[in-house]
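This is my_file20.cif. It holds mmCIF, C-alpha atoms.
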data_coords
#
loop_
_atom_site.label_atom_id
_atom_site.label_comp_id
_atom_site.auth_asym_id
_atom_site.auth_seq_id
_atom_site.Cartn_x
_atom_site.Cartn_y
_atom_site.Cartn_z
CA MET T 1 0.00 0.00 0.00
CA TYR T 2 2.73 2.43 1.01
CA ALA T 3 4.73 1.86 -2.14
CA ARG T 4 1.64 2.35 -4.30
CA SER T 5 0.60 5.62 -2.66
CA GLY T 6 4.21 6.73 -2.95
CA ARG T 7 4.09 6.06 -6.68
CA TYR T 8 0.82 8.00 -6.94
CA CYS T 9 2.39 10.97 -5.24
CA GLU T 10 5.39 10.81 -7.46
CA GLY T 11 3.18 10.58 -10.53
CA PHE T 12 1.05 13.53 -9.43
CA SER T 13 3.98 15.81 -8.80
CA LYS T 14 5.48 14.96 -12.16
CA MET T 15 2.17 15.73 -13.85
CA ALA T 16 1.85 19.11 -12.04
CA ILE T 17 5.27 20.18 -13.20
CA SER T 18 4.84 18.99 -16.71
CA SER T 19 1.40 20.68 -17.20
CA ASP T 20 3.02 24.10 -16.48
CA CYS T 21 0.12 25.62 -14.54
CA LYS T 22 0.80 29.33 -13.91
CA ILE T 23 -1.27 31.98 -12.25
CA ASP T 24 -0.74 35.40 -13.77
CA LEU T 25 -1.68 38.31 -11.46
CA SER T 26 0.12 41.02 -13.41
CA GLY T 27 -3.17 42.44 -14.74
CA TRP T 28 -4.58 42.75 -11.25
CA GLU T 29 -1.35 44.34 -10.05
CA ASN T 30 -1.34 46.84 -12.93
CA LYS T 31 -4.96 47.75 -12.25
CA SER T 32 -4.22 48.18 -8.57
CA ILE T 33 -1.32 50.52 -9.40
CA ARG T 34 -3.50 52.49 -11.82
CA ILE T 35 -6.23 52.91 -9.19
CA LYS T 36 -3.76 53.96 -6.50
CA HIS T 37 -2.36 56.55 -8.88
CA ALA T 38 -5.89 57.72 -9.81
CA LEU T 39 -6.80 58.07 -6.13
CA SER T 40 -3.73 60.12 -5.32
CA GLU T 41 -4.42 62.36 -8.33
CA ALA T 42 -8.05 62.81 -7.25
CA ILE T 43 -7.03 63.69 -3.69
CA LYS T 44 -4.45 66.22 -4.91
CA GLU T 45 -7.10 67.90 -7.06
CA ALA T 46 -9.64 67.79 -4.23
CA ILE T 47 -7.18 69.46 -1.82
CA ASP T 48 -6.47 72.16 -4.41
CA TYR T 49 -10.18 72.72 -4.85
CA GLY T 50 -10.74 72.84 -1.07
CA MET T 51 -7.94 75.38 -0.59
CA ASP T 52 -9.22 77.54 -3.46
CA GLU T 53 -12.79 77.47 -2.16
CA LEU T 54 -11.82 78.28 1.42
CA THR T 55 -9.41 81.05 0.40
CA ARG T 56 -12.10 82.58 -1.78
CA LYS T 57 -14.75 82.38 0.95
CA VAL T 58 -12.46 83.64 3.75
CA THR T 59 -11.33 86.56 1.57
CA GLN T 60 -14.97 87.29 0.78
CA ASN T 61 -15.80 87.20 4.52
CA LEU T 62 -13.08 89.80 5.12
CA GLY T 63 -14.07 92.08 2.28
CA GLY T 64 -16.70 94.31 3.86
CA MET T 65 -17.15 98.04 3.27
CA LYS T 66 -14.39 100.44 4.29
CA HIS T 67 -14.76 102.85 7.19
CA PRO T 68 -12.32 105.42 8.65
CA ALA T 69 -9.91 104.52 11.45
CA ASN T 70 -11.03 105.21 15.06
CA THR T 71 -14.71 104.89 14.14
CA PRO T 72 -16.90 101.96 15.16
CA SER T 73 -17.76 99.36 12.55
CA PRO T 74 -21.08 100.17 10.86
CA TYR T 75 -21.98 96.45 11.08
CA PRO T 76 -20.62 95.22 14.43
CA GLY T 77 -20.39 91.45 14.82
CA LYS T 78 -21.48 90.75 11.25
CA LEU T 79 -19.82 89.24 8.24
CA PRO T 80 -18.26 90.40 5.99
CA VAL T 81 -15.78 92.11 8.29
CA THR T 82 -15.63 95.83 7.59
CA MET T 83 -12.22 97.15 6.57
CA ILE T 84 -10.11 100.04 7.82
CA SER T 85 -6.75 99.45 6.14
CA GLY T 86 -7.62 96.23 4.31
CA ASN T 87 -4.57 94.51 5.87
CA LEU T 88 -6.52 91.48 7.11
CA HIS T 89 -8.28 91.11 3.78
CA GLN T 90 -4.91 90.85 2.05
CA ALA T 91 -3.37 88.54 4.66
CA VAL T 92 -5.19 85.32 3.65
CA ARG T 93 -2.72 82.66 2.49
CA PHE T 94 -2.81 79.00 1.53
CA LYS T 95 -0.15 76.33 1.61
CA ARG T 96 0.02 72.69 0.57
CA LEU T 97 1.46 70.71 3.49
CA ASP T 98 1.72 67.35 1.70
CA ASP T 99 -0.20 65.30 -0.88
CA THR T 100 -3.23 64.88 1.38
CA LYS T 101 -3.18 68.07 3.46
CA GLY T 102 -3.47 71.78 2.77
CA ALA T 103 -3.93 74.83 4.96
CA VAL T 104 -5.69 78.16 4.58
CA TYR T 105 -4.47 80.68 7.12
CA VAL T 106 -3.97 84.34 7.93
CA ASP T 107 -0.42 85.67 7.88
CA LYS T 108 0.28 86.65 11.50
CA ASN T 109 3.03 89.05 10.52
CA LYS T 110 0.71 91.02 8.28
CA ALA T 111 -2.37 91.01 10.53
CA PRO T 112 -1.50 90.01 14.13
CA TYR T 113 -4.98 91.10 15.30
CA ALA T 114 -6.74 88.49 13.15
CA VAL T 115 -7.32 86.18 16.11
CA HIS T 116 -9.15 88.92 18.05
CA VAL T 117 -11.36 89.71 15.07
CA HIS T 118 -12.20 86.01 14.69
CA PHE T 119 -12.86 85.12 18.34
CA GLY T 120 -13.95 88.55 19.63
CA THR T 121 -12.91 90.40 22.75
CA LYS T 122 -14.71 91.97 25.70
CA LYS T 123 -15.44 95.04 23.61
CA MET T 124 -15.83 93.46 20.18
CA ARG T 125 -18.17 90.72 18.99
CA PRO T 126 -16.58 87.77 17.17
CA ARG T 127 -16.65 87.59 13.41
CA ARG T 128 -15.72 84.00 12.71
CA PHE T 129 -14.61 84.51 9.13
CA MET T 130 -12.64 81.25 9.08
CA SER T 131 -14.99 78.76 10.77
CA ASP T 132 -17.98 80.26 8.96
CA ALA T 133 -16.22 79.65 5.63
CA VAL T 134 -15.44 76.05 6.62
CA ALA T 135 -19.03 75.38 7.72
CA GLU T 136 -20.41 76.89 4.55
CA ARG T 137 -18.12 75.18 2.05
CA ARG T 138 -17.54 71.83 3.80
CA GLU T 139 -20.33 69.98 2.05
CA ALA T 140 -19.36 71.33 -1.38
CA ILE T 141 -15.73 70.34 -0.83
CA ILE T 142 -16.66 66.81 0.28
CA ASN T 143 -19.03 66.40 -2.68
CA ARG T 144 -16.32 67.56 -5.07
CA GLN T 145 -13.88 65.10 -3.52
CA ARG T 146 -16.36 62.24 -4.01
CA TYR T 147 -16.98 63.28 -7.61
CA LEU T 148 -13.25 63.46 -8.41
CA ILE T 149 -12.59 60.05 -6.84
CA LYS T 150 -15.48 58.50 -8.79
CA LEU T 151 -14.32 60.03 -12.04
CA LYS T 152 -10.65 59.12 -11.74
CA VAL T 153 -11.23 55.59 -10.43
CA ARG T 154 -13.74 54.87 -13.18
CA LYS T 155 -11.26 56.13 -15.78
CA ALA T 156 -8.62 53.82 -14.32
CA GLY T 157 -10.97 50.86 -14.80
CA GLY T 158 -12.04 50.46 -11.18
CA ASN T 159 -15.37 50.42 -9.41
CA PRO T 160 -15.73 53.63 -7.35
CA SER T 161 -18.50 52.21 -5.15
CA GLU T 162 -15.99 49.73 -3.69
CA ILE T 163 -13.83 52.64 -2.57
CA LEU T 164 -16.49 55.13 -1.52
CA GLY T 165 -18.77 52.48 0.00
CA LEU T 166 -21.83 53.68 -1.90
CA MET J 1 -40.14 67.51 18.07
CA ALA J 2 -40.39 71.11 19.17
CA ILE J 3 -37.73 72.71 17.00
CA ARG J 4 -39.29 74.72 14.20
CA ARG J 5 -37.66 74.32 10.81
CA LYS J 6 -37.70 78.03 9.92
CA TYR J 7 -36.44 79.06 13.37
CA SER J 8 -33.99 76.21 13.83
CA VAL J 9 -30.95 78.39 14.54
CA SER J 10 -32.50 80.38 17.39
CA ASP J 11 -34.53 77.40 18.67
CA VAL J 12 -31.47 75.16 18.98
CA GLN J 13 -29.56 77.95 20.70
CA LYS J 14 -32.47 78.50 23.14
CA VAL J 15 -32.76 74.77 23.91
CA ILE J 16 -29.04 74.36 24.64
CA HIS J 17 -29.07 77.55 26.72
CA ALA J 18 -32.07 76.28 28.70
CA LEU J 19 -30.32 72.95 29.32
CA ILE J 20 -27.20 74.65 30.66
CA SER J 21 -29.24 77.16 32.68
CA LYS J 22 -31.07 74.26 34.33
CA LEU J 23 -27.80 72.64 35.37
CA ILE J 24 -26.52 76.00 36.61
CA SER J 25 -29.63 76.52 38.71
CA ALA J 26 -29.52 73.13 40.38
CA THR J 27 -26.29 71.14 40.16
CA SER J 28 -22.90 71.72 41.75
CA PRO J 29 -20.34 72.87 40.54
CA TRP J 30 -22.45 74.43 37.77
CA THR J 31 -24.07 76.71 40.38
CA SER J 32 -20.81 78.68 40.59
CA TRP J 33 -21.14 79.75 36.97
CA GLN J 34 -23.44 81.93 34.89
CA ALA J 35 -25.07 81.05 31.55
CA VAL J 36 -25.27 83.68 28.82
CA TYR J 37 -27.38 83.46 25.66
CA GLY J 38 -25.24 84.46 22.68
CA TYR J 39 -21.87 86.15 22.74
CA PRO J 40 -21.26 87.98 26.05
CA GLU J 41 -21.64 91.68 25.42
CA GLY J 42 -19.69 94.30 27.38
CA GLU J 43 -22.22 94.70 30.19
CA VAL J 44 -22.22 90.96 30.93
CA PHE J 45 -18.72 91.27 32.31
CA ASN J 46 -20.15 92.94 35.39
CA PHE J 47 -21.20 89.49 36.61
CA SER J 48 -18.97 88.11 39.29
CA LYS J 49 -19.08 84.51 38.06
CA LEU J 50 -17.43 82.54 35.31
CA LEU J 51 -19.50 82.85 32.13
CA VAL J 52 -20.69 79.93 30.04
CA TYR J 53 -21.88 81.40 26.76
CA VAL J 54 -23.94 79.65 24.10
CA ASP J 55 -23.03 81.07 20.71
CA THR J 56 -25.11 80.92 17.53
CA PRO J 57 -25.16 77.43 15.95
CA ILE J 58 -23.99 76.91 12.37
CA LYS J 59 -25.61 74.47 9.96
CA THR J 60 -22.98 72.14 8.56
CA GLY J 61 -24.99 69.72 6.44
CA THR J 62 -28.23 67.92 5.63
CA LEU J 63 -29.10 64.29 6.28
CA THR J 64 -31.67 62.85 3.88
CA HIS J 65 -33.31 59.48 3.91
CA GLN J 66 -36.02 57.94 1.82
CA GLY J 67 -39.55 58.59 3.01
CA GLY J 68 -38.68 61.09 5.71
CA ARG J 69 -38.08 64.77 6.20
CA PRO J 70 -34.42 65.69 6.12
CA ALA J 71 -32.57 66.41 9.35
CA VAL J 72 -29.79 68.96 9.58
CA THR J 73 -26.38 68.70 11.19
CA MET J 74 -25.26 71.68 13.22
CA GLU J 75 -22.32 72.79 15.27
CA ILE J 76 -22.68 75.01 18.29
CA ILE J 77 -19.88 76.77 20.13
CA LEU J 78 -20.04 76.79 23.91
CA GLY J 79 -17.51 79.03 25.55
CA VAL J 80 -16.28 79.55 29.09
CA TRP J 81 -14.86 82.92 30.07
CA ASN J 82 -13.33 83.45 33.46
CA SER J 83 -13.17 87.18 33.93
CA GLY J 84 -15.71 89.85 34.82
CA GLY J 85 -16.12 91.49 38.20
CA ASP J 86 -13.99 89.00 40.15
CA GLU J 87 -11.02 89.36 37.74
CA GLY J 88 -10.97 85.71 36.95
CA THR J 89 -11.09 84.12 40.43
CA GLY J 90 -10.22 80.45 40.20
CA GLY J 91 -7.88 81.24 37.35
CA VAL J 92 -7.19 78.95 34.47
CA GLU J 93 -8.07 75.90 36.57
CA GLU J 94 -11.71 76.90 37.02
CA CYS J 95 -11.89 77.68 33.31
CA ASP J 96 -10.62 74.20 32.49
CA ILE J 97 -13.01 72.61 35.01
CA ALA J 98 -15.96 74.33 33.35
CA ALA J 99 -14.74 73.28 29.88
CA GLY J 100 -14.30 69.73 31.13
CA HIS J 101 -17.85 69.68 32.51
CA LEU J 102 -19.21 70.85 29.16
CA LEU J 103 -17.25 68.18 27.31
CA ASP J 104 -18.42 65.51 29.72
CA LEU J 105 -22.04 66.69 29.56
CA PHE J 106 -22.18 66.34 25.79
CA GLY J 107 -20.10 63.17 25.71
CA ASP J 108 -22.37 61.21 28.04
CA VAL J 109 -25.87 59.76 27.74
CA ASP J 110 -26.82 61.75 30.87
CA VAL J 111 -27.32 64.74 28.60
CA TYR J 112 -30.59 63.13 27.49
CA SER J 113 -31.90 62.61 31.01
CA THR J 114 -31.74 66.26 32.15
CA GLN J 115 -35.19 67.82 32.03
CA PHE J 116 -35.59 71.53 31.44
CA THR J 117 -38.21 74.10 30.50
CA VAL J 118 -37.94 76.27 27.40
CA THR J 119 -40.20 78.61 25.48
CA LEU J 120 -40.02 78.37 21.70
CA GLY J 121 -42.24 80.89 19.95
CA ALA J 122 -45.48 81.07 21.90
CA THR J 123 -45.26 77.55 23.35
CA THR J 124 -43.61 76.62 26.62
CA TYR J 125 -42.27 73.09 26.83
CA THR J 126 -42.05 72.04 30.46
CA ASN J 127 -39.67 69.39 31.77
CA LYS J 128 -38.60 68.07 28.38
CA THR J 129 -35.29 66.44 27.52
CA LEU J 130 -32.93 67.19 24.65
CA TYR J 131 -34.19 64.08 22.89
CA ASP J 132 -37.82 65.26 23.24
CA HIS J 133 -36.82 68.34 21.28
CA GLY J 134 -35.38 66.17 18.48
CA ILE J 135 -31.74 66.98 19.17
CA ILE J 136 -29.12 64.23 19.08
CA VAL J 137 -25.54 64.92 20.16
CA THR J 138 -22.99 63.33 17.83
CA GLY J 139 -19.81 64.60 19.45
CA SER J 140 -17.94 67.31 21.25
CA THR J 141 -14.44 68.63 20.64
CA GLY J 142 -12.15 70.98 22.47
CA PRO J 143 -11.43 72.83 24.62
CA ARG J 144 -9.70 75.33 22.38
CA ASN J 145 -7.70 78.05 24.06
CA ILE J 146 -8.86 81.48 22.90
CA PRO J 147 -6.37 84.34 23.13
CA VAL J 148 -7.50 87.24 25.34
CA GLU J 149 -6.20 90.76 25.90
CA ASP J 150 -6.26 90.91 29.71
CA PRO J 151 -3.79 88.78 31.72
CA LEU J 152 -6.53 88.06 34.29
CA GLU J 153 -8.88 86.57 31.72
CA TYR J 154 -9.10 82.93 30.73
CA ARG J 155 -11.19 81.66 27.87
CA ARG J 156 -11.89 78.26 26.31
CA GLU J 157 -14.32 77.07 23.65
CA VAL J 158 -15.93 73.69 23.08
CA THR J 159 -17.66 72.73 19.83
CA VAL J 160 -20.66 70.41 20.04
CA SER J 161 -21.94 68.61 16.93
CA LEU J 162 -25.66 67.97 16.75
CA ILE J 163 -28.26 66.33 14.55
CA VAL J 164 -31.50 68.30 14.61
CA THR J 165 -34.70 66.55 13.54
CA PHE J 166 -38.01 68.28 12.95
#
Would you encode the structure as structure tokens?
Amino acid sequence: MYARSGRYCEGFSKMAISSDCKIDLSGWENKSIRIKHALSEAIKEAIDYGMDELTRKVTQNLGGMKHPANTPSPYPGKLPVTMISGNLHQAVRFKRLDDTKGAVYVDKNKAPYAVHVHFGTKKMRPRRFMSDAVAERREAIINRQRYLIKLKVRKAGGNPSEILGL
Amino acid sequence: MAIRRKYSVSDVQKVIHALISKLISATSPWTSWQAVYGYPEGEVFNFSKLLVYVDTPIKTGTLTHQGGRPAVTMEIILGVWNSGGDEGTGGVEECDIAAGHLLDLFGDVDVYSTQFTVTLGATTYTNKTLYDHGIIVTGSTGPRNIPVEDPLEYRREVTVSLIVTF
């Protein structure tokens, strides 16, 4: 019995080698690389869009009517923030931190009082030009990100619903 | 569901203010503090207690589902300001204690068991909970340190995320 089963085994292994059965996953690997590339491209574009939108909205929030120095704001506590010199309005900046992160900020050197305008003081109501812009544009930015991911992944031959969970 | 769709911003602010006012009127250590509706104006700083202010909520999104009316997601800023007539007695520690209590309140299921009375429009809702008003807390973040001008002032802000159903 032992010898026979041994022969079977020997015969089987010889057959497996001689039939040259190969599994080729190169197509799957190429597709995976294409989709990874498409995703990173989509995210880069989405971050650019997000930074553009927020910069535009924050600048808009800081672009109220001008009034002379040492006079109270004609619209206290309301957006857009009224301008005296226009320094704060011109101090909005954006920076890409890495492939998946970007920042919209106010240049502290140009407008060091920005934080007091945003959060308010004892004598001045807050005008949250930054958080208001985020709240207002968040949904649009997320929707754009979803759209870009769908588009790029579909172009790369993938199924976007597997990635977005839709 | 007492929140009115067209008055959702002021109704949510009133409900959260009523909830905090109830705690301040009855529960220690909340009794050492003072609740303010909206941003504290100049005259509020005559109070000798730490201020807990309930700022205007911001709508951040819409939740839709088939066969139902859409709910909205909102964020509300709750601030603590240790200043006023007592020049910030308790210092930064009391400010952090108050911020911690706010975070804990909105991070715990106990927030739904507190009953309070609030008037929305012409109707007074007596001994209702947050859940009765159709408000669900989805999270709280903070406290964020807010820069102030006076060295004897201490200020923190907590952001609470809500789902408001109608």
Expected answer as number ranges by chain: chain J residues within 12 Å of chain T, only C-alpha atoms
J: 38-46, 55-63, 73-77, 79, 81-84, 144-150, 153-157, 159, 161
Any idea what's packed within 12 Å of His133 of chain J, counting all atoms listed in the file, ignoring anything in its chain fewer than 4 positions away? Could you give it as a ChimeraX atom specification?
/J:1-4,8,11-12,14-16,18-19,112,115-120,124-129,137,163-166
Counting only C-alpha atoms, the option among J:Val72, J:Ser21, J:Val92, J:Leu152 closest to Ile136 of chain J:
J:Val72
Spell out the residues picked by the PyMOL selection byres ((chain T and resi 94-107) around 12) here, as a PyMOL selection string.
chain T and resi 39-59+62+87-93+108-115+117-118+129-131+133-134+145
Lys155 of chain T proximity check over T:Arg34, T:Asp24, T:Thr71, T:Gln60, using all atoms listed in the file: winner is T:Arg34
Mind giving me the straight-line distance from atom CA of Asp96 of chain J to atom CA of Ser28 of chain J in Å, one decimal?
15.6 Å
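Across the model, the gap from atom CA of Ile20 of chain J to atom CA of Leu103 of chain J is 12.3 Å.
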Given 3 Å of margin on each side, can you work out the centre and size in Å (one decimal) of an axis-aligned box holding every listed atom of segment 91-97 of chain J, as lines of an AutoDock Vina configuration file?
center_x = -10.1
center_y = 76.9
center_z = 34.9
size_x = 11.8
size_y = 14.6
size_z = 10.9
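Take atom CA of Val54 of chain J and atom CA of Leu78 of chain J: the distance between them is 4.8 Å.
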Quick one: residues within 9 Å of Met65 of chain T, all atoms listed in the file counted, chain neighbours fewer than 4 positions away excluded, as a list in words?
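The residues satisfying every condition are Pro74, Pro80, Val81, Thr82, Met83 and Ile84 of chain T.
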Here is a test: counting only C-alpha atoms, which residue of T:Asp20, T:Pro76, T:Trp28, T:Ala38 is nearest to Leu151 of chain T?
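So, comparing all the options, the nearest one is T:Ala38.
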